[in-house]
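Only one structure is covered here, and it is reproduced in the block below.
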Amino acid sequence: MDLGKALGSFLRRIEDLVYPRGINCLVCGDRRRTDPATCVCPGCLKKLEDERVPAAACPRCLSYASRKGCAFCAAGGMKDVRRAFAPLYYLPASRALVISLKFGGTDEALPLLGEWMEVSLAERDFDCILPVPLHPRRRRERGVNQAALLASEVSRRTGIPLREDLLVRKKYTRPQTAVGRRKRKSNVLDAFAVPSGPDVSGMKILLCDDVRTTGNTAQACARALKKAGAADVCLLTACAVR
Ligand SMILES: [Zn+2]
Ligand SMILES: [Zn+2]
């Protein structure tokens with residue numbers, strides 16, 4: 001019998017006893033074998049590091065910017081969003097973390113994403129952090145609003161007050177990922193409104209979402225807030241599409 005193999009399976013059994021739950025890497029699913037306080041294995045942490053938004057990205061939207069400039073912003077971008085912040089591009093490892101938060105029934109990715117989002121936030125002078133709302137029906141279907149989880153984590157870390165009452169989603173829209181690229185804009189246009197009651201006039205607002213995809217959702221939110229009198233809207237996401 002292979003002594004190494006036997007020893008390996010013995011150690012694994014000990015590990016099972018010590019950490020019976022929640023020690024699989026959220027990205028690759030392998031056992032973490034290291035610090036159970038972190039949600040990814042060292043290999044996947046390295047992959048995440050490689051998915052970081054580089055300093056050379058477009059400062060306004062974080063898209064990859066060539067020497068000619070940013071194609072996303074040149075095509076219209078997010079007109080009412082002054083500046084975007086995100087630690088990661090939306091690539092396989094970061095996608096796995098976001099999906100675990102959205103559909104995985106676990107918020108284990110929250111401390112890591114929250115910490116990285118906090119570090120990416122180069123400005124702190126905001127009156128509030130506001131998660132992109134889900135339609136109440138979608139919230140019931142999904143059980144969680146991942147944007148609200150992230151916003152509350154960042155609020156806790158930065159002290160920027162969390163406000164979830166400044167924006168409502170009026171339209172039950174199909175998930176943006178299920179809609180063709182062209183239809184995405186009309187899908188979310190006018191989907192959001194500032195409810196009667198809270199006064200956003202003059203406010204500097206940090207919108208928060210899990211992923212900035214086409215930017216149409218953030219733009220629709222920002223436009224509604226600006227129309228209601230908000231002075232400034234920026235966007236913080238865990239990931240941005242490159
Ligand atoms: Zn892993
Ligand atoms: Zn740009």
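Ordering of the structure tokens sets the chain letters (A, B, ...), residue numbers begin anew at 1 in every chain, and ligands are numbered from 1 in the order given.
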
Please tabulate, as CSV, the residues of chain A that come within 10 Å of ligand 2, each with its closest pair of atoms and the distance in Å to one decimal, counting only C-alpha atoms and all ligand atoms and ordering rows by chain, then residue number upward.
```
residue,atom,partner,partner_atom_place_in_ligand_line,distance
A:Ala57,CA,ligand 2,1 (Zn),7.8
A:Cys58,CA,ligand 2,1 (Zn),4.5
A:Pro59,CA,ligand 2,1 (Zn),6.6
A:Arg60,CA,ligand 2,1 (Zn),5.0
A:Cys61,CA,ligand 2,1 (Zn),4.1
A:Leu62,CA,ligand 2,1 (Zn),5.9
A:Ser63,CA,ligand 2,1 (Zn),5.4
A:Tyr64,CA,ligand 2,1 (Zn),7.7
A:Ala65,CA,ligand 2,1 (Zn),7.0
A:Gly69,CA,ligand 2,1 (Zn),7.7
A:Cys70,CA,ligand 2,1 (Zn),4.6
A:Ala71,CA,ligand 2,1 (Zn),6.7
A:Phe72,CA,ligand 2,1 (Zn),5.2
A:Cys73,CA,ligand 2,1 (Zn),4.1
A:Ala74,CA,ligand 2,1 (Zn),7.3
A:Ala75,CA,ligand 2,1 (Zn),9.1
A:Gly76,CA,ligand 2,1 (Zn),9.1
A:Gly77,CA,ligand 2,1 (Zn),6.5
A:Met78,CA,ligand 2,1 (Zn),8.5
A:Arg83,CA,ligand 2,1 (Zn),9.1
A:Ala84,CA,ligand 2,1 (Zn),9.0
```

With C-alpha atoms retained, could you export that selection as an mmCIF file, in the first residue's frame?
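Writing done, so here's out_39.cif:
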```
data_model
loop_
_atom_site.group_PDB
_atom_site.id
_atom_site.type_symbol
_atom_site.label_atom_id
_atom_site.label_comp_id
_atom_site.auth_asym_id
_atom_site.auth_seq_id
_atom_site.Cartn_x
_atom_site.Cartn_y
_atom_site.Cartn_z
ATOM 1 C CA ALA A 57 -8.618 50.895 -17.746
ATOM 2 C CA CYS A 58 -10.971 53.707 -18.726
ATOM 3 C CA PRO A 59 -11.371 55.739 -15.503
ATOM 4 C CA ARG A 60 -14.973 56.481 -16.302
ATOM 5 C CA CYS A 61 -16.378 52.989 -16.986
ATOM 6 C CA LEU A 62 -13.414 50.614 -16.326
ATOM 7 C CA SER A 63 -13.646 49.044 -19.770
ATOM 8 C CA TYR A 64 -10.459 48.041 -21.438
ATOM 9 C CA ALA A 65 -9.173 51.217 -23.053
ATOM 10 C CA GLY A 69 -9.561 55.592 -25.987
ATOM 11 C CA CYS A 70 -12.579 53.805 -24.638
ATOM 12 C CA ALA A 71 -15.008 52.315 -27.154
ATOM 13 C CA PHE A 72 -17.679 51.847 -24.475
ATOM 14 C CA CYS A 73 -17.723 55.535 -23.535
ATOM 15 C CA ALA A 74 -17.389 56.616 -27.166
ATOM 16 C CA ALA A 75 -20.547 54.604 -27.921
ATOM 17 C CA GLY A 76 -22.515 56.474 -25.269
ATOM 18 C CA GLY A 77 -21.392 54.650 -22.122
ATOM 19 C CA MET A 78 -23.224 55.546 -18.948
ATOM 20 C CA ARG A 83 -17.268 57.476 -12.506
ATOM 21 C CA ALA A 84 -17.198 53.711 -11.979
#
```

Could you pull out the residues sitting within 12 Å of ligand 1, using only C-alpha atoms and all ligand atoms, and write them as an MDAnalysis selection string?
-> chainID A and resid 23:34 38:48 92:94 96:97

Selection export as a compact mmCIF listing (two decimals), in the first residue's frame, atoms kept: C-alpha atoms:
```txt
# COMPACT_ATOMS: atom_id res chain seq x y z
CA ILE A 23 -14.35 24.43 3.07
CA ASN A 24 -14.69 23.91 -0.65
CA CYS A 25 -13.24 26.60 -2.88
CA LEU A 26 -16.12 28.66 -4.31
CA VAL A 27 -14.40 28.87 -7.68
CA CYS A 28 -13.04 25.40 -8.46
CA GLY A 29 -14.95 23.37 -5.89
CA ASP A 30 -11.82 21.66 -4.64
CA ARG A 31 -11.14 21.44 -0.98
CA ARG A 32 -9.40 24.54 0.23
CA ARG A 33 -6.98 22.86 2.58
CA THR A 34 -5.80 26.18 3.86
CA THR A 38 -11.08 32.46 2.98
CA CYS A 39 -13.55 31.37 0.33
CA VAL A 40 -11.11 30.36 -2.41
CA CYS A 41 -8.08 28.11 -2.69
CA PRO A 42 -4.62 29.67 -3.25
CA GLY A 43 -4.72 28.75 -6.97
CA CYS A 44 -8.04 30.50 -7.52
CA LEU A 45 -6.91 33.49 -5.47
CA LYS A 46 -4.10 33.80 -8.00
CA LYS A 47 -6.67 33.58 -10.84
CA LEU A 48 -8.69 36.36 -9.20
CA PRO A 92 -14.30 32.94 -14.96
CA ALA A 93 -13.06 33.14 -11.35
CA SER A 94 -14.89 36.35 -10.45
CA ALA A 96 -18.00 31.97 -10.04
CA LEU A 97 -17.92 34.16 -6.91
```

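From atom CA of A:Leu88 back to atom CA of A:Glu51, the distance works out to 5.6 Å.
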
Notebook entry, point to check: Among stretch 9-142 of chain A, which ones does DSSP place in helix (DSSP H, G or I), written as a PyMOL selection string?
Noted result: chain A and resi 9-18+42-50+71-74+92-102+110-120+136-142

When DSSP is applied to the backbone of this structure, which of stretch 59-96 of chain A are assigned strand (DSSP E)? Write them out as a ChimeraX atom specification.
/A:84-85,88-89

_Just want the 8 Å neighbourhood of A:Thr173, counted on only C-alpha atoms, with same-chain residues fewer than 5 positions away dropped. Output as a PyMOL selection string._
chain A and resi 187-188+191

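Distance check against A:Gln219 using only C-alpha atoms: of A:Val132, A:Gly114, A:Ile99, A:Arg137, the minimum falls on A:Val132.
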
Excluding A:Ile160 and its own-chain neighbours fewer than 2 positions away, which residues fall within 8 Å of it when counting only C-alpha atoms? Please give them as a VMD selection string. chain A and resid 124 126 to 129 154 to 156 158 162

#### Entry: Nearby residues (only C-alpha atoms) at most 8 Å from A:Ser120, same-chain spacing under 3 positions excluded, as a ChimeraX atom specification
/A:85-87,116-117

Could the residues in this selection be saved with N, CA and C atoms as a PDB file, in the first residue's frame?
```pdb
ATOM      1  N   PHE A  85     -16.303  52.307 -10.238  1.00  0.00           N
ATOM      2  CA  PHE A  85     -15.266  51.625  -9.453  1.00  0.00           C
ATOM      3  C   PHE A  85     -15.588  50.136  -9.417  1.00  0.00           C
ATOM      4  N   ALA A  86     -14.576  49.307  -9.581  1.00  0.00           N
ATOM      5  CA  ALA A  86     -14.749  47.858  -9.440  1.00  0.00           C
ATOM      6  C   ALA A  86     -13.374  47.229  -9.315  1.00  0.00           C
ATOM      7  N   PRO A  87     -13.218  46.212  -8.494  1.00  0.00           N
ATOM      8  CA  PRO A  87     -11.904  45.583  -8.380  1.00  0.00           C
ATOM      9  C   PRO A  87     -11.604  44.592  -9.502  1.00  0.00           C
ATOM     10  N   TRP A 116     -12.401  43.779  -1.441  1.00  0.00           N
ATOM     11  CA  TRP A 116     -11.800  44.229  -2.699  1.00  0.00           C
ATOM     12  C   TRP A 116     -12.544  45.433  -3.266  1.00  0.00           C
ATOM     13  N   MET A 117     -13.870  45.454  -3.090  1.00  0.00           N
ATOM     14  CA  MET A 117     -14.649  46.605  -3.554  1.00  0.00           C
ATOM     15  C   MET A 117     -14.255  47.853  -2.764  1.00  0.00           C
TER      16      MET A 117
END
```

Exercise for review: Point out the residue among A:Ala55, A:Val81, A:Val144, A:Leu7 with the least atom-to-atom distance to A:Thr106, counting only C-alpha atoms.
Suggested key: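 The answer is A:Val144, which sits nearest to A:Thr106.
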